[in-house]
Amino acid sequence: MTGRAVTSVEAVFREERGLLLAALVRRFGDLDLAEEVTSEAIEAALVRWPAEGVPPKPGAWLMTTARRKAVDRLRRDQAYAARLAVLQVEAERAAPA
């Protein structure tokens with residue numbers, strides 16, 4: 001990893017973190033989720049930016065990455081909850097009365 005990319009990620013993170021969190025909390029209504037996906041977006045930047053270069057709009061890149069990670073997590077959680085509900089109904093049907 002190049003020092004320039006790490007420095008860029010750090011600088012962008014310091015400048016954009018508050019805006020990222022505020023926008024994500026406003027969008028998804030969950031501070032914990034916002035903090036987690038913001039951290040995941042920073043991790044992704046630390047991996048991708050050294051290889052691909054710092055994007056022209058790094059704050060927008062982080063926002064897009066964090067938003068996509070949040071949507072993916074919410075979809076995964078929703079699918080998991082639906083599967084649990086089906087299993088519960090099946091277990092109740094199979095249980096002797």
# chains A, B, ... in the order shown; residues from 1 in each chain; ligands from 1

call {"tool": "residues_around", "arguments": {"residues": "range 31-45 of chain A", "least_positions_apart": "6", "cutoff": "12 Å", "atoms": "only C-alpha atoms", "output": "VMD selection string"}}
result
chain A and resid 1 5 to 14 16 to 25 51 to 55 58 to 74 77

call {"tool": "atom_distance", "arguments": {"atom1": "CA of Gly29 in chain A", "atom2": "CA of Lys57 in chain A"}}
result
25.2 Å

call {"tool": "atom_distance", "arguments": {"atom1": "CA of Phe28 in chain A", "atom2": "CA of Leu84 in chain A"}}
result
22.9 Å

call {"tool": "atom_distance", "arguments": {"atom1": "CA of Arg26 in chain A", "atom2": "CA of Pro56 in chain A"}}
result
25.1 Å
